[in-house]
Amino acid sequence: MLIRAARFSDLDNIGALVDYYAEQGALLPRSRESLLAYLPFLGVACEGPELAGIVALHQLEPTVGEVRSLAVAPAFHKQGIGEKLVQYAVNQAQTAGFAKVISFTRQVAFFEHCGFQTVSRDSVPAKYFTDCVGCPMLSHCDEVAMEKALAVSVRTAQPEPGTESLSASLSMLADR
Ligand SMILES: CC(C)(COP(=O)(O)OP(=O)(O)OC[C@H]1O[C@@H](n2cnc3c(N)ncnc32)[C@H](O)[C@@H]1OP(=O)(O)O)[C@@H](O)C(=O)NCCC(=O)NCCS
């Protein structure tokens with residue numbers, strides 16, 4: 001199992017996985033154009049030629065990252081891939097110098113397993129103003145805010161092999 005930064009050639013497979021879970025209401029639907037713009041922030045898990053899962057790290061506040069679009073293809077569930085993808089995003093966040101990562105999720109037990117804890121939704125106001133205000137689920141949202149604090153890292157740390165693209169994108173954002 002290889003976890004690496006997403007490439008243009010992954011786009012169709014990523015789109016198919018997002019469509020699959022969007023139909024079930026587990027992920028937000030995304031157009032191919034939106035996925036293309038999102039590509040530098042996506043990591044993928046690959047088993048040979050197959051796409052086993054995806055994860056994105058989005059910068060929500062200057063030092064707060066959000067784990068988003070986490071999905072593992074059904075055939076690969078319960079093999080530790082979801083946890084590895086979360087760890088990949090957490091490593092990227094640490095390399096980018098973020099103080100914490102958050103997730104808005106219904107998969108509370110899974111994220112607890114990954115070291116996150118439940119926090120008040122009010123502790124992440126940027127999420128409300130960037131995503132929630134325009135969301136049709138706003139008045140009956142059942143997602144739970146969860147966070148994981150990160151140890152302070154040295155910004156010059158070398159990215160792990162294969163993670164340069166995402167790290168570079170996020171470091172660039174964090175410097176703005
Ligand atoms: C949630 C999801 C990413 C988990 O992926 P996965 O690869 O099956 O999870 P892992 O195998 O890495 O699981 C790690 C641990 O969490 C546990 N776990 C996995 N899914 C769980 C769930 N839904 N509830 C409770 N525990 C769960 C596993 O049992 C495992 O624990 P163990 O090591 O003690 O056996 C996957 O079920 C998925 O893609 N779901 C649909 C999309 C979705 O809901 N995404 C989340 C959006 S925030």
# chains A, B, ... in the order shown; residues from 1 in each chain; ligands from 1
>>> residues_near_ligand(ligand="ligand 1", cutoff="6 Å", atoms="only C-alpha atoms and all ligand atoms", output="ChimeraX atom specification")
/A:26,69-72,77-83,105,107,109-110,113
>>> residues_around(residues="stretch 60-68 of chain A", least_positions_apart="2", cutoff="6 Å", atoms="only C-alpha atoms", output="MDAnalysis selection string")
chainID A and resid 56:58 70 98:103 174
>>> residues_around(residues="stretch 9-24 of chain A", least_positions_apart="3", cutoff="9 Å", atoms="only C-alpha atoms", output="MDAnalysis selection string")
chainID A and resid 6 27:32 35:36 39 44 50:51 53:54 69 71:73
>>> closest_residue(among="A:Ala151, A:Gly48, A:Tyr88, A:Gln59", to="A:Lys127", atoms="only C-alpha atoms")
A:Gln59
>>> atom_distance(atom1="atom CA of A:Met1", atom2="atom CA of A:Pro40")
20.4 Å
>>> atom_distance(atom1="atom CA of A:Gly115", atom2="atom CA of A:Gly97")
18.5 Å
>>> select_by_dssp(residues="stretch 33-163 of chain A", states="strand (DSSP E)", output="PyMOL selection string")
chain A and resi 42-47+50-61+64-72+100-105+117-118+144-149
>>> write_last_selection(atoms="C-alpha atoms", output="PDB file, in the first residue's frame")
ATOM      1  CA  LEU A  42      -5.168  15.462  -1.943  1.00  0.00           C
ATOM      2  CA  GLY A  43      -3.346  12.334  -0.910  1.00  0.00           C
ATOM      3  CA  VAL A  44      -4.199   8.927  -2.322  1.00  0.00           C
ATOM      4  CA  ALA A  45      -3.739   5.350  -1.131  1.00  0.00           C
ATOM      5  CA  CYS A  46      -2.860   2.988  -3.984  1.00  0.00           C
ATOM      6  CA  GLU A  47      -2.814  -0.768  -4.102  1.00  0.00           C
ATOM      7  CA  GLU A  50      -6.165   0.512  -7.834  1.00  0.00           C
ATOM      8  CA  LEU A  51      -7.176   3.600  -5.902  1.00  0.00           C
ATOM      9  CA  ALA A  52      -7.933   2.421  -2.361  1.00  0.00           C
ATOM     10  CA  GLY A  53      -8.653   5.775  -0.719  1.00  0.00           C
ATOM     11  CA  ILE A  54      -8.263   9.523  -0.616  1.00  0.00           C
ATOM     12  CA  VAL A  55      -7.787  12.309   1.900  1.00  0.00           C
ATOM     13  CA  ALA A  56      -7.428  16.079   1.649  1.00  0.00           C
ATOM     14  CA  LEU A  57      -5.834  18.609   3.930  1.00  0.00           C
ATOM     15  CA  HIS A  58      -7.426  22.032   3.682  1.00  0.00           C
ATOM     16  CA  GLN A  59      -6.116  25.157   5.369  1.00  0.00           C
ATOM     17  CA  LEU A  60      -8.987  26.538   7.423  1.00  0.00           C
ATOM     18  CA  GLU A  61      -7.160  29.163   9.498  1.00  0.00           C
ATOM     19  CA  VAL A  64      -5.445  25.154  11.495  1.00  0.00           C
ATOM     20  CA  GLY A  65      -5.779  22.386   8.934  1.00  0.00           C
ATOM     21  CA  GLU A  66      -8.919  20.408   8.204  1.00  0.00           C
ATOM     22  CA  VAL A  67      -8.933  16.746   7.219  1.00  0.00           C
ATOM     23  CA  ARG A  68     -11.511  16.504   4.445  1.00  0.00           C
ATOM     24  CA  SER A  69     -12.792  14.161   1.773  1.00  0.00           C
ATOM     25  CA  LEU A  70     -11.577  11.075   3.616  1.00  0.00           C
ATOM     26  CA  ALA A  71     -12.813   7.967   1.863  1.00  0.00           C
ATOM     27  CA  VAL A  72     -11.711   4.368   1.517  1.00  0.00           C
ATOM     28  CA  LYS A 100      -3.860  21.540  15.006  1.00  0.00           C
ATOM     29  CA  VAL A 101      -6.032  19.660  12.579  1.00  0.00           C
ATOM     30  CA  ILE A 102      -9.770  19.399  12.786  1.00  0.00           C
ATOM     31  CA  SER A 103     -12.434  17.289  11.169  1.00  0.00           C
ATOM     32  CA  PHE A 104     -16.200  17.673  10.926  1.00  0.00           C
ATOM     33  CA  THR A 105     -17.430  14.126  10.811  1.00  0.00           C
ATOM     34  CA  GLN A 117     -11.183  14.458  20.420  1.00  0.00           C
ATOM     35  CA  THR A 118     -14.579  16.101  20.240  1.00  0.00           C
ATOM     36  CA  VAL A 144     -19.270  16.481  15.109  1.00  0.00           C
ATOM     37  CA  ALA A 145     -16.267  18.828  15.378  1.00  0.00           C
ATOM     38  CA  MET A 146     -13.121  16.931  16.348  1.00  0.00           C
ATOM     39  CA  GLU A 147      -9.527  18.072  16.670  1.00  0.00           C
ATOM     40  CA  LYS A 148      -6.011  16.808  17.179  1.00  0.00           C
ATOM     41  CA  ALA A 149      -3.330  19.126  18.548  1.00  0.00           C
TER      42      ALA A 149
END
